[in-house]
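A.B. asks: This one is query_10.cif, mmCIF, C-alpha atoms; chains and numbers go by the auth columns.
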```cif
data_my_file
#
loop_
_atom_site.group_PDB
_atom_site.id
_atom_site.type_symbol
_atom_site.label_atom_id
_atom_site.label_comp_id
_atom_site.label_asym_id
_atom_site.label_seq_id
_atom_site.Cartn_x
_atom_site.Cartn_y
_atom_site.Cartn_z
_atom_site.B_iso_or_equiv
_atom_site.auth_seq_id
_atom_site.auth_asym_id
ATOM 1 C CA SER A 1 -23.527 4.585 3.903 0.00 1 A
ATOM 2 C CA HIS A 2 -23.729 5.160 0.173 0.00 2 A
ATOM 3 C CA VAL A 3 -20.835 2.836 -0.703 0.00 3 A
ATOM 4 C CA VAL A 4 -21.894 -0.760 -1.217 0.00 4 A
ATOM 5 C CA ARG A 5 -19.614 -2.619 1.161 0.00 5 A
ATOM 6 C CA GLY A 6 -18.766 -6.283 1.008 0.00 6 A
ATOM 7 C CA PRO A 7 -16.974 -8.593 3.434 0.00 7 A
ATOM 8 C CA LEU A 8 -13.935 -7.603 5.427 0.00 8 A
ATOM 9 C CA ASN A 9 -10.617 -7.931 3.632 0.00 9 A
ATOM 10 C CA TRP A 10 -9.113 -10.160 6.342 0.00 10 A
ATOM 11 C CA PRO A 11 -5.490 -10.132 5.141 0.00 11 A
ATOM 12 C CA TYR A 12 -5.529 -6.321 5.442 0.00 12 A
ATOM 13 C CA VAL A 13 -7.408 -6.284 8.739 0.00 13 A
ATOM 14 C CA VAL A 14 -5.088 -8.809 10.405 0.00 14 A
ATOM 15 C CA THR A 15 -1.927 -7.200 8.991 0.00 15 A
ATOM 16 C CA PHE A 16 -3.074 -3.725 10.056 0.00 16 A
ATOM 17 C CA ILE A 17 -3.767 -4.934 13.610 0.00 17 A
ATOM 18 C CA VAL A 18 -0.496 -6.879 13.902 0.00 18 A
ATOM 19 C CA ILE A 19 1.619 -3.975 12.608 0.00 19 A
ATOM 20 C CA HIS A 20 0.039 -1.485 14.995 0.00 20 A
ATOM 21 C CA LEU A 21 0.304 -3.843 17.965 0.00 21 A
ATOM 22 C CA ALA A 22 3.969 -4.434 17.089 0.00 22 A
ATOM 23 C CA LEU A 23 4.534 -0.669 17.018 0.00 23 A
ATOM 24 C CA LEU A 24 3.411 -0.527 20.633 0.00 24 A
ATOM 25 C CA LEU A 25 6.511 -2.563 21.506 0.00 25 A
ATOM 26 C CA ALA A 26 8.491 0.652 21.003 0.00 26 A
ATOM 27 C CA CYS A 27 6.905 1.870 24.256 0.00 27 A
ATOM 28 C CA ILE A 28 8.952 -0.735 26.133 0.00 28 A
ATOM 29 C CA PRO A 29 12.189 1.114 26.969 0.00 29 A
ATOM 30 C CA TRP A 30 14.619 -1.747 26.257 0.00 30 A
ATOM 31 C CA LEU A 31 13.012 -2.290 22.816 0.00 31 A
ATOM 32 C CA PHE A 32 13.205 1.372 21.792 0.00 32 A
ATOM 33 C CA THR A 33 16.139 2.732 19.782 0.00 33 A
ATOM 34 C CA TRP A 34 16.613 6.073 18.122 0.00 34 A
ATOM 35 C CA THR A 35 18.047 4.243 15.109 0.00 35 A
ATOM 36 C CA ALA A 36 14.788 2.336 14.728 0.00 36 A
ATOM 37 C CA MET A 37 12.787 5.558 15.149 0.00 37 A
ATOM 38 C CA ILE A 38 14.806 7.350 12.461 0.00 38 A
ATOM 39 C CA THR A 39 14.576 4.314 10.167 0.00 39 A
ATOM 40 C CA MET A 40 10.799 4.231 10.622 0.00 40 A
ATOM 41 C CA ILE A 41 10.416 7.941 9.863 0.00 41 A
ATOM 42 C CA VAL A 42 12.608 7.713 6.762 0.00 42 A
ATOM 43 C CA GLY A 43 10.829 4.530 5.665 0.00 43 A
ATOM 44 C CA VAL A 44 7.371 6.087 6.012 0.00 44 A
ATOM 45 C CA HIS A 45 8.441 8.949 3.754 0.00 45 A
ATOM 46 C CA VAL A 46 10.262 6.826 1.182 0.00 46 A
ATOM 47 C CA PHE A 47 7.531 4.206 0.876 0.00 47 A
ATOM 48 C CA GLY A 48 4.684 6.699 1.356 0.00 48 A
ATOM 49 C CA GLN A 49 5.978 8.948 -1.393 0.00 49 A
ATOM 50 C CA SER A 50 6.076 5.938 -3.692 0.00 50 A
ATOM 51 C CA ILE A 51 2.262 5.843 -3.574 0.00 51 A
ATOM 52 C CA THR A 52 2.103 9.494 -4.626 0.00 52 A
ATOM 53 C CA LEU A 53 4.825 9.236 -7.239 0.00 53 A
ATOM 54 C CA CYS A 54 4.146 5.768 -8.634 0.00 54 A
ATOM 55 C CA TYR A 55 0.563 4.632 -8.080 0.00 55 A
ATOM 56 C CA HIS A 56 -0.919 8.113 -8.354 0.00 56 A
ATOM 57 C CA ARG A 57 1.163 10.195 -10.779 0.00 57 A
ATOM 58 C CA LEU A 58 2.971 7.546 -12.810 0.00 58 A
ATOM 59 C CA LEU A 59 0.333 4.812 -13.165 0.00 59 A
ATOM 60 C CA THR A 60 -3.063 6.449 -12.581 0.00 60 A
ATOM 61 C CA HIS A 61 -2.585 9.785 -14.334 0.00 61 A
ATOM 62 C CA ARG A 62 0.400 8.925 -16.543 0.00 62 A
ATOM 63 C CA SER A 63 1.719 12.415 -15.796 0.00 63 A
ATOM 64 C CA LEU A 64 5.370 11.381 -16.038 0.00 64 A
ATOM 65 C CA ARG A 65 7.444 8.742 -17.760 0.00 65 A
ATOM 66 C CA VAL A 66 10.367 6.742 -16.459 0.00 66 A
ATOM 67 C CA PRO A 67 12.189 3.682 -17.777 0.00 67 A
ATOM 68 C CA GLN A 68 10.157 0.507 -17.255 0.00 68 A
ATOM 69 C CA TRP A 69 12.677 -0.959 -14.788 0.00 69 A
ATOM 70 C CA LEU A 70 12.353 2.184 -12.638 0.00 70 A
ATOM 71 C CA GLU A 71 8.554 2.086 -12.850 0.00 71 A
ATOM 72 C CA HIS A 72 8.591 -1.536 -11.669 0.00 72 A
ATOM 73 C CA PHE A 73 11.008 -0.621 -8.856 0.00 73 A
ATOM 74 C CA PHE A 74 8.632 2.155 -7.724 0.00 74 A
ATOM 75 C CA VAL A 75 5.771 -0.347 -7.834 0.00 75 A
ATOM 76 C CA LEU A 76 7.708 -2.647 -5.501 0.00 76 A
ATOM 77 C CA LEU A 77 8.186 0.281 -3.098 0.00 77 A
ATOM 78 C CA SER A 78 4.478 1.092 -3.346 0.00 78 A
ATOM 79 C CA LEU A 79 3.517 -2.494 -2.538 0.00 79 A
ATOM 80 C CA CYS A 80 5.320 -2.015 0.774 0.00 80 A
ATOM 81 C CA CYS A 81 2.594 0.466 1.762 0.00 81 A
ATOM 82 C CA LEU A 82 -0.077 -2.259 1.657 0.00 82 A
ATOM 83 C CA GLN A 83 -2.447 -0.242 -0.508 0.00 83 A
ATOM 84 C CA ASP A 84 -3.325 -3.104 -2.858 0.00 84 A
ATOM 85 C CA THR A 85 -2.033 -4.126 -6.259 0.00 85 A
ATOM 86 C CA PRO A 86 -1.225 -1.542 -8.930 0.00 86 A
ATOM 87 C CA ALA A 87 -4.252 -2.459 -11.096 0.00 87 A
ATOM 88 C CA GLN A 88 -6.696 -2.397 -8.171 0.00 88 A
ATOM 89 C CA TRP A 89 -5.308 0.898 -6.819 0.00 89 A
ATOM 90 C CA VAL A 90 -5.333 2.540 -10.247 0.00 90 A
ATOM 91 C CA ALA A 91 -8.862 1.316 -11.057 0.00 91 A
ATOM 92 C CA THR A 92 -10.156 2.458 -7.664 0.00 92 A
ATOM 93 C CA HIS A 93 -8.516 5.864 -7.997 0.00 93 A
ATOM 94 C CA ARG A 94 -9.672 6.457 -11.565 0.00 94 A
ATOM 95 C CA TYR A 95 -13.172 5.431 -10.478 0.00 95 A
ATOM 96 C CA HIS A 96 -12.815 7.841 -7.544 0.00 96 A
ATOM 97 C CA HIS A 97 -11.962 10.703 -9.912 0.00 97 A
ATOM 98 C CA GLN A 98 -15.015 9.951 -12.021 0.00 98 A
ATOM 99 C CA HIS A 99 -17.271 10.015 -8.929 0.00 99 A
ATOM 100 C CA SER A 100 -15.357 12.343 -6.562 0.00 100 A
ATOM 101 C CA ASP A 101 -17.350 13.130 -3.406 0.00 101 A
ATOM 102 C CA GLN A 102 -20.478 11.682 -4.957 0.00 102 A
ATOM 103 C CA GLU A 103 -22.457 8.649 -3.889 0.00 103 A
ATOM 104 C CA LYS A 104 -20.308 6.206 -5.886 0.00 104 A
ATOM 105 C CA ASP A 105 -16.923 7.528 -4.678 0.00 105 A
ATOM 106 C CA PRO A 106 -15.178 4.402 -3.297 0.00 106 A
ATOM 107 C CA HIS A 107 -13.161 6.262 -0.649 0.00 107 A
ATOM 108 C CA SER A 108 -15.059 9.436 -0.027 0.00 108 A
ATOM 109 C CA PRO A 109 -14.556 11.273 3.259 0.00 109 A
ATOM 110 C CA ARG A 110 -18.323 11.813 3.169 0.00 110 A
ATOM 111 C CA VAL A 111 -18.729 8.203 4.359 0.00 111 A
ATOM 112 C CA THR A 112 -16.388 8.671 7.343 0.00 112 A
ATOM 113 C CA PHE A 113 -12.908 10.048 7.871 0.00 113 A
ATOM 114 C CA LEU A 114 -11.554 6.556 8.612 0.00 114 A
ATOM 115 C CA TRP A 115 -13.250 5.076 5.548 0.00 115 A
ATOM 116 C CA SER A 116 -11.498 7.569 3.264 0.00 116 A
ATOM 117 C CA HIS A 117 -8.081 6.733 4.747 0.00 117 A
ATOM 118 C CA ILE A 118 -8.104 3.028 5.590 0.00 118 A
ATOM 119 C CA GLY A 119 -11.641 1.679 5.512 0.00 119 A
ATOM 120 C CA TRP A 120 -11.667 1.336 1.743 0.00 120 A
ATOM 121 C CA LEU A 121 -8.732 -1.080 2.129 0.00 121 A
ATOM 122 C CA MET A 122 -10.158 -3.015 5.091 0.00 122 A
ATOM 123 C CA GLN A 123 -13.529 -3.802 3.567 0.00 123 A
ATOM 124 C CA TYR A 124 -14.287 -4.706 0.001 0.00 124 A
ATOM 125 C CA ALA A 125 -16.345 -2.085 -1.790 0.00 125 A
ATOM 126 C CA ASN A 126 -18.334 -4.088 -4.309 0.00 126 A
ATOM 127 C CA THR A 127 -18.460 -1.089 -6.626 0.00 127 A
ATOM 128 C CA VAL A 128 -14.719 -1.314 -7.368 0.00 128 A
ATOM 129 C CA HIS A 129 -13.545 -4.782 -6.332 0.00 129 A
ATOM 130 C CA ASN A 130 -14.630 -6.635 -9.428 0.00 130 A
ATOM 131 C CA SER A 131 -13.119 -7.636 -12.750 0.00 131 A
ATOM 132 C CA ASP A 132 -15.389 -5.332 -14.800 0.00 132 A
ATOM 133 C CA VAL A 133 -14.089 -2.257 -12.996 0.00 133 A
ATOM 134 C CA LEU A 134 -10.488 -3.443 -13.367 0.00 134 A
ATOM 135 C CA ARG A 135 -10.932 -3.985 -17.108 0.00 135 A
ATOM 136 C CA LYS A 136 -12.689 -0.638 -17.590 0.00 136 A
ATOM 137 C CA TYR A 137 -10.475 1.597 -15.423 0.00 137 A
ATOM 138 C CA ALA A 138 -7.066 -0.109 -15.565 0.00 138 A
ATOM 139 C CA PRO A 139 -6.733 -1.852 -18.944 0.00 139 A
ATOM 140 C CA ASP A 140 -3.275 -0.342 -19.484 0.00 140 A
ATOM 141 C CA ILE A 141 -2.070 -1.848 -16.211 0.00 141 A
ATOM 142 C CA LEU A 142 -3.635 -5.249 -16.915 0.00 142 A
ATOM 143 C CA ASN A 143 -1.874 -5.406 -20.299 0.00 143 A
ATOM 144 C CA ASP A 144 1.541 -5.435 -18.578 0.00 144 A
ATOM 145 C CA ARG A 145 2.779 -8.950 -17.679 0.00 145 A
ATOM 146 C CA PHE A 146 4.615 -7.703 -14.574 0.00 146 A
ATOM 147 C CA TYR A 147 1.412 -6.224 -13.160 0.00 147 A
ATOM 148 C CA MET A 148 -0.667 -9.262 -14.105 0.00 148 A
ATOM 149 C CA LYS A 149 1.694 -11.473 -12.094 0.00 149 A
ATOM 150 C CA LEU A 150 1.085 -9.217 -9.089 0.00 150 A
ATOM 151 C CA GLU A 151 -2.694 -9.441 -9.595 0.00 151 A
ATOM 152 C CA LYS A 152 -2.772 -13.215 -9.323 0.00 152 A
ATOM 153 C CA GLY A 153 -3.497 -14.400 -5.814 0.00 153 A
ATOM 154 C CA ARG A 154 -1.677 -12.721 -2.974 0.00 154 A
ATOM 155 C CA ARG A 155 1.835 -12.928 -4.460 0.00 155 A
ATOM 156 C CA TRP A 156 2.259 -9.180 -4.114 0.00 156 A
ATOM 157 C CA MET A 157 1.960 -9.452 -0.322 0.00 157 A
ATOM 158 C CA TRP A 158 5.255 -11.362 -0.281 0.00 158 A
ATOM 159 C CA VAL A 159 6.910 -8.125 -1.415 0.00 159 A
ATOM 160 C CA TYR A 160 5.680 -6.565 1.828 0.00 160 A
ATOM 161 C CA VAL A 161 6.866 -9.550 3.888 0.00 161 A
ATOM 162 C CA ALA A 162 10.299 -9.408 2.219 0.00 162 A
ATOM 163 C CA HIS A 163 10.633 -5.678 2.899 0.00 163 A
ATOM 164 C CA ALA A 164 9.631 -6.158 6.561 0.00 164 A
ATOM 165 C CA ALA A 165 12.204 -8.942 6.943 0.00 165 A
ATOM 166 C CA LEU A 166 14.826 -6.733 5.284 0.00 166 A
ATOM 167 C CA PHE A 167 14.124 -3.932 7.785 0.00 167 A
ATOM 168 C CA PHE A 168 14.407 -6.411 10.647 0.00 168 A
ATOM 169 C CA VAL A 169 17.760 -7.730 9.390 0.00 169 A
ATOM 170 C CA ALA A 170 18.966 -4.166 8.728 0.00 170 A
ATOM 171 C CA GLY A 171 18.252 -3.337 12.386 0.00 171 A
ATOM 172 C CA PHE A 172 20.555 -6.118 13.524 0.00 172 A
ATOM 173 C CA VAL A 173 23.268 -5.045 11.070 0.00 173 A
ATOM 174 C CA VAL A 174 23.074 -1.441 12.307 0.00 174 A
ATOM 175 C CA GLY A 175 23.317 -2.775 15.876 0.00 175 A
ATOM 176 C CA LEU A 176 26.419 -4.743 14.941 0.00 176 A
ATOM 177 C CA VAL A 177 28.032 -1.718 13.311 0.00 177 A
ATOM 178 C CA LEU A 178 27.178 0.774 16.070 0.00 178 A
ATOM 179 C CA ASP A 179 27.599 -1.399 19.154 0.00 179 A
ATOM 180 C CA GLY A 180 29.330 -4.568 17.997 0.00 180 A
ATOM 181 C CA THR A 181 26.408 -6.810 18.923 0.00 181 A
ATOM 182 C CA ALA A 182 23.131 -7.711 17.255 0.00 182 A
ATOM 183 C CA VAL A 183 21.474 -7.294 20.663 0.00 183 A
ATOM 184 C CA ALA A 184 22.056 -3.542 20.394 0.00 184 A
ATOM 185 C CA ALA A 185 19.392 -3.492 17.700 0.00 185 A
ATOM 186 C CA LEU A 186 16.859 -4.617 20.317 0.00 186 A
ATOM 187 C CA ARG A 187 17.756 -1.971 22.895 0.00 187 A
#
```
Give the structure from the file, written as structure tokens.
C.D. replies:
Amino acid sequence: SHVVRGPLNWPYVVTFIVIHLALLLACIPWLFTWTAMITMIVGVHVFGQSITLCYHRLLTHRSLRVPQWLEHFFVLLSLCCLQDTPAQWVATHRYHHQHSDQEKDPHSPRVTFLWSHIGWLMQYANTVHNSDVLRKYAPDILNDRFYMKLEKGRRWMWVYVAHAALFFVAGFVVGLVLDGTAVAALR
């Protein structure tokens, strides 16, 4: 491989495995609901589009402008996709554009198909996971106090945990409304 890879990013690896194992629970008939299926499909599109709209267009390329409160809201939606912090994503993507499909491209499909989609999140690529790259490719993001708070430690992962808990609670509420019992959300 031409990308210098570092250690596994264990929080991502474990979370990825747990989420996909939990999804298999939908194969158990009494745990499957059409409401949950529709919610999942809508959620994938809402949160997935936030990466395209916010991390990519709004933050990386600065190709549109929105009020700061709306930008920060979109960032919170993007964090629910588990594709790293805004500064790290922006730096990695700007670096990617500078080295597209070349040896230094941090998520090139020329490494492997899986690397270009999820591998770059599961394993640190030493070429982009360092403070020099962040300062060079995402100085505008690092100058914002909101984004700097997200960069410190793993605080941003709590946004994901909160959104997952909210979806879980919403499932019980929908069950109460549709069937009159919270148990309906588990059927």
A.B. asks: I want to know what sits within 9 Å of range 39-48 of chain A, based on only C-alpha atoms, with residues of the same chain fewer than 5 positions away left out; could you give that as a JSON list (two decimals) with C-alpha atoms, in the coordinates of the input?
C.D. replies:
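What follows is the written file around_28.json:
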```
[["chain", "number", "residue", "atom", "x", "y", "z"],
["A", 34, "TRP", "CA", 16.61, 6.07, 18.12],
["A", 53, "LEU", "CA", 4.82, 9.24, -7.24],
["A", 74, "PHE", "CA", 8.63, 2.15, -7.72],
["A", 77, "LEU", "CA", 8.19, 0.28, -3.10],
["A", 78, "SER", "CA", 4.48, 1.09, -3.35],
["A", 79, "LEU", "CA", 3.52, -2.49, -2.54],
["A", 80, "CYS", "CA", 5.32, -2.02, 0.77],
["A", 81, "CYS", "CA", 2.59, 0.47, 1.76],
["A", 167, "PHE", "CA", 14.12, -3.93, 7.78],
["A", 171, "GLY", "CA", 18.25, -3.34, 12.39]]
```
A.B. asks: Need the neighbours of (6.5, -0.6, -7.4): which residues are at most 12 Å away, counting only C-alpha atoms, as a PyMOL selection string?
C.D. replies: chain A and resi 46-56+58-59+68-87+89+146-147+150+156+159-160
A.B. asks: Can you spell out as a PyMOL selection string the set of residues that the PyMOL selection byres ((chain A and resi 124) around 6) selects in the structure I just provided?
C.D. replies: chain A and resi 5-7+123+125-126
A.B. asks: For CA of Tyr95 in chain A and CA of Lys152 in chain A, determine how far apart the two atoms are, in Å to one decimal place.
C.D. replies: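 Value for the CA of Tyr95 in chain A-CA of Lys152 in chain A distance: 21.4 Å.
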A.B. asks: Calculate how many Å separate CA of Ser116 in chain A from CA of Thr92 in chain A, rounding to one decimal.
C.D. replies: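 Atom-to-atom, CA of Ser116 in chain A and CA of Thr92 in chain A are spaced 12.1 Å apart.
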A.B. asks: Can you list what the PyMOL selection byres ((chain A and resi 13-30) around 10) grabs from this structure, as a list of chain:residue names?
C.D. replies: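 Taken on the displayed file, the PyMOL selection byres ((chain A and resi 13-30) around 10) yields the residues A:Leu8, A:Asn9, A:Trp10, A:Pro11, A:Tyr12, A:Leu31, A:Phe32, A:Thr33, A:Ala36, A:Met37, A:Leu82, A:Ile118, A:Gly119, A:Leu121, A:Met122, A:Gln123, A:Ala184, A:Ala185, A:Leu186, A:Arg187.
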A.B. asks: State, in Å with one decimal place, the distance from CA of Ala162 in chain A to CA of Asp140 in chain A.
C.D. replies: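 Computed distance, CA of Ala162 in chain A to CA of Asp140 in chain A, equals 27.2 Å.
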A.B. asks: Which residue is closest to Met148 in chain A? Choose from A:Phe113, A:Phe168, A:Gln88, A:Asp105 and count all atoms listed in the file.
C.D. replies: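 Answer, going by the shortest atom-to-atom distance: A:Gln88.
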A.B. asks: Neighbouring residues of Val133 in chain A were defined as those with any atom within 10 Å, considering all atoms listed in the file; residues of the same chain fewer than 3 positions away were excluded. Please report them as an MDAnalysis selection string.
C.D. replies: chainID A and resid 88 91:92 94:95 126:130 136:139
A.B. asks: As AutoDock Vina command-line options, please report the centre and edge lengths, rounded to one decimal in Å, of the axis-aligned box that holds all listed atoms of range 149-158 of chain A with 6 Å of padding on each of the six sides.
C.D. replies:
```
--center_x 0.9 --center_y -11.8 --center_z -6.2 --size_x 20.8 --size_y 17.2 --size_z 23.8
```
A.B. asks: Which of these, A:His117, A:Ile141, A:Gln98, A:Arg110, has the shortest distance to Arg62 in chain A once you count only C-alpha atoms?
C.D. replies: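 Nearest to Arg62 in chain A: A:Ile141.
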